[in-house]
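Listing of query.cif; format and content: mmCIF, C-alpha atoms.
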```
data_upload
#
loop_
_atom_site.group_PDB
_atom_site.id
_atom_site.type_symbol
_atom_site.label_atom_id
_atom_site.label_comp_id
_atom_site.auth_asym_id
_atom_site.auth_seq_id
_atom_site.Cartn_x
_atom_site.Cartn_y
_atom_site.Cartn_z
ATOM 1 C CA MET A 28 51.003 -200.850 -60.422
ATOM 2 C CA ARG A 29 52.447 -201.393 -63.882
ATOM 3 C CA GLU A 30 53.059 -197.797 -64.876
ATOM 4 C CA THR A 31 54.304 -195.847 -61.891
ATOM 5 C CA THR A 32 56.135 -193.274 -64.029
ATOM 6 C CA ALA A 33 52.912 -192.211 -65.747
ATOM 7 C CA LEU A 34 51.098 -192.178 -62.413
ATOM 8 C CA GLY A 35 53.773 -189.973 -60.859
ATOM 9 C CA ALA A 36 53.625 -187.565 -63.787
ATOM 10 C CA ALA A 37 49.833 -187.439 -63.596
ATOM 11 C CA LEU A 38 49.844 -186.830 -59.850
ATOM 12 C CA ALA A 39 52.457 -184.077 -60.151
ATOM 13 C CA ALA A 40 50.537 -182.415 -62.986
ATOM 14 C CA GLY A 41 47.300 -182.641 -61.018
ATOM 15 C CA LEU A 42 48.935 -181.083 -57.980
ATOM 16 C CA GLY A 43 50.328 -178.258 -60.100
ATOM 17 C CA ALA A 44 46.961 -177.694 -61.785
ATOM 18 C CA GLY A 45 45.093 -177.605 -58.502
ATOM 19 C CA VAL A 46 43.265 -180.917 -58.894
ATOM 20 C CA TRP A 47 44.595 -181.871 -55.465
ATOM 21 C CA GLU A 48 45.100 -179.346 -52.700
ATOM 22 C CA SER A 49 48.265 -180.707 -51.115
ATOM 23 C CA GLU A 50 50.888 -183.420 -51.048
ATOM 24 C CA GLU A 51 49.117 -184.788 -47.971
ATOM 25 C CA GLU A 52 45.985 -185.357 -50.042
ATOM 26 C CA LEU A 53 48.081 -187.281 -52.573
ATOM 27 C CA ARG A 54 49.497 -189.440 -49.783
ATOM 28 C CA ARG A 55 45.982 -190.297 -48.626
ATOM 29 C CA ILE A 56 45.002 -191.174 -52.196
ATOM 30 C CA ALA A 57 48.067 -193.402 -52.609
ATOM 31 C CA GLN A 58 47.358 -195.211 -49.350
ATOM 32 C CA SER A 59 43.653 -195.674 -50.045
ATOM 33 C CA ASN A 60 44.378 -198.235 -52.791
ATOM 34 C CA VAL A 61 41.737 -196.635 -55.006
ATOM 35 C CA SER A 62 42.210 -197.133 -58.726
ATOM 36 C CA ALA A 63 39.508 -194.804 -60.037
ATOM 37 C CA PHE A 64 39.293 -191.060 -60.488
ATOM 38 C CA TRP A 65 36.067 -189.083 -60.243
ATOM 39 C CA SER A 66 36.080 -185.611 -61.692
ATOM 40 C CA ARG A 67 34.978 -182.783 -59.432
ATOM 41 C CA ILE A 68 34.281 -180.277 -62.203
ATOM 42 C CA THR A 69 30.988 -179.635 -63.929
ATOM 43 C CA ASP A 70 30.293 -180.631 -67.507
ATOM 44 C CA GLU A 71 30.231 -176.941 -68.401
ATOM 45 C CA LYS A 72 33.681 -176.346 -66.874
ATOM 46 C CA ARG A 73 35.048 -179.427 -68.629
ATOM 47 C CA ASP A 74 33.723 -178.160 -71.975
ATOM 48 C CA GLU A 75 35.230 -174.719 -71.346
ATOM 49 C CA MET A 76 38.614 -176.240 -70.526
ATOM 50 C CA LEU A 77 38.456 -178.533 -73.563
ATOM 51 C CA GLN A 78 37.779 -175.567 -75.830
ATOM 52 C CA GLY A 79 40.832 -173.820 -74.391
ATOM 53 C CA TRP A 80 42.959 -176.905 -75.000
ATOM 54 C CA GLU A 81 41.687 -177.209 -78.582
ATOM 55 C CA LYS A 82 42.502 -173.532 -79.173
ATOM 56 C CA ALA A 83 46.030 -174.036 -77.836
ATOM 57 C CA VAL A 84 46.574 -177.068 -80.067
ATOM 58 C CA GLU A 85 45.301 -175.162 -83.101
ATOM 59 C CA ARG A 86 47.693 -172.286 -82.359
ATOM 60 C CA SER A 87 50.604 -174.720 -82.298
ATOM 61 C CA PHE A 88 50.044 -175.874 -85.885
ATOM 62 C CA ASN A 89 52.870 -174.985 -88.312
ATOM 63 C CA TRP A 90 55.299 -173.920 -85.563
ATOM 64 C CA ALA A 91 58.098 -175.947 -87.084
#
```
Would you write out, as structure tokens, the structure that this file holds?
Amino acid sequence: MRETTALGAALAAGLGAGVWESEEELRRIAQSNVSAFWSRITDEKRDEMLQGWEKAVERSFNWA
């Protein structure tokens, strides 16, 4: 694994966002030696979340 810092940040963020249910699930993932991620959300949910992210980014314009 070349970039363990980024992986750790991604796993922690996913745990906080509810992508994974527990630290135990993360341990199983780490031990499974799997290097791919398959989304469990629908295309509709992804689009809804993307729109929310785009709205948040737009609101941040000209803050400084």
Inset, instruction - Might you pull out every residue within 12 Å of range 67-71 of chain A, with all atoms listed in the file counted and same-chain residues fewer than 3 positions away left off, and present them as a PyMOL selection string? - result: chain A and resi 45-47+64+74-78
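Atom pair CA of Ala83 in chain A / CA of Ala33 in chain A has a distance of 22.9 Å (rounded to one decimal).
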Legend entry - Long-range neighbours of range 39-43 of chain A as number ranges by chain, 12 Å cut-off, only C-alpha atoms, 6 positions minimum in chain: A: 32-33, 49-54, 64, 66
Just-selected residues, C-alpha atoms written as an mmCIF file, keeping the file's coordinate frame:
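File part37.cif, as written:
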```
data_model
loop_
_atom_site.group_PDB
_atom_site.id
_atom_site.type_symbol
_atom_site.label_atom_id
_atom_site.label_comp_id
_atom_site.auth_asym_id
_atom_site.auth_seq_id
_atom_site.Cartn_x
_atom_site.Cartn_y
_atom_site.Cartn_z
ATOM 1 C CA THR A 32 56.135 -193.274 -64.029
ATOM 2 C CA ALA A 33 52.912 -192.211 -65.747
ATOM 3 C CA SER A 49 48.265 -180.707 -51.115
ATOM 4 C CA GLU A 50 50.888 -183.420 -51.048
ATOM 5 C CA GLU A 51 49.117 -184.788 -47.971
ATOM 6 C CA GLU A 52 45.985 -185.357 -50.042
ATOM 7 C CA LEU A 53 48.081 -187.281 -52.573
ATOM 8 C CA ARG A 54 49.497 -189.440 -49.783
ATOM 9 C CA PHE A 64 39.293 -191.060 -60.488
ATOM 10 C CA SER A 66 36.080 -185.611 -61.692
#
```
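You will find CA of Leu34 in chain A at 21.4 Å from CA of Trp80 in chain A.
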With 3 Å added on each side, what axis-aligned box encloses every listed atom of range 46-65 of chain A? Give the centre and edge lengths in Å to one decimal, as JSON.
```
{"center_x": 43.5, "center_y": -188.8, "center_z": -54.2, "size_x": 20.8, "size_y": 24.9, "size_z": 18.5}
```
Legend entry - Given all atoms listed in the file as the counted atoms, nearest of A:Ala91, A:Leu38, A:Val84, A:Ala44 to Ile56 in chain A: A:Leu38
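The spacing separating CA of Ala36 in chain A from CA of Gly79 in chain A amounts to 21.6 Å.
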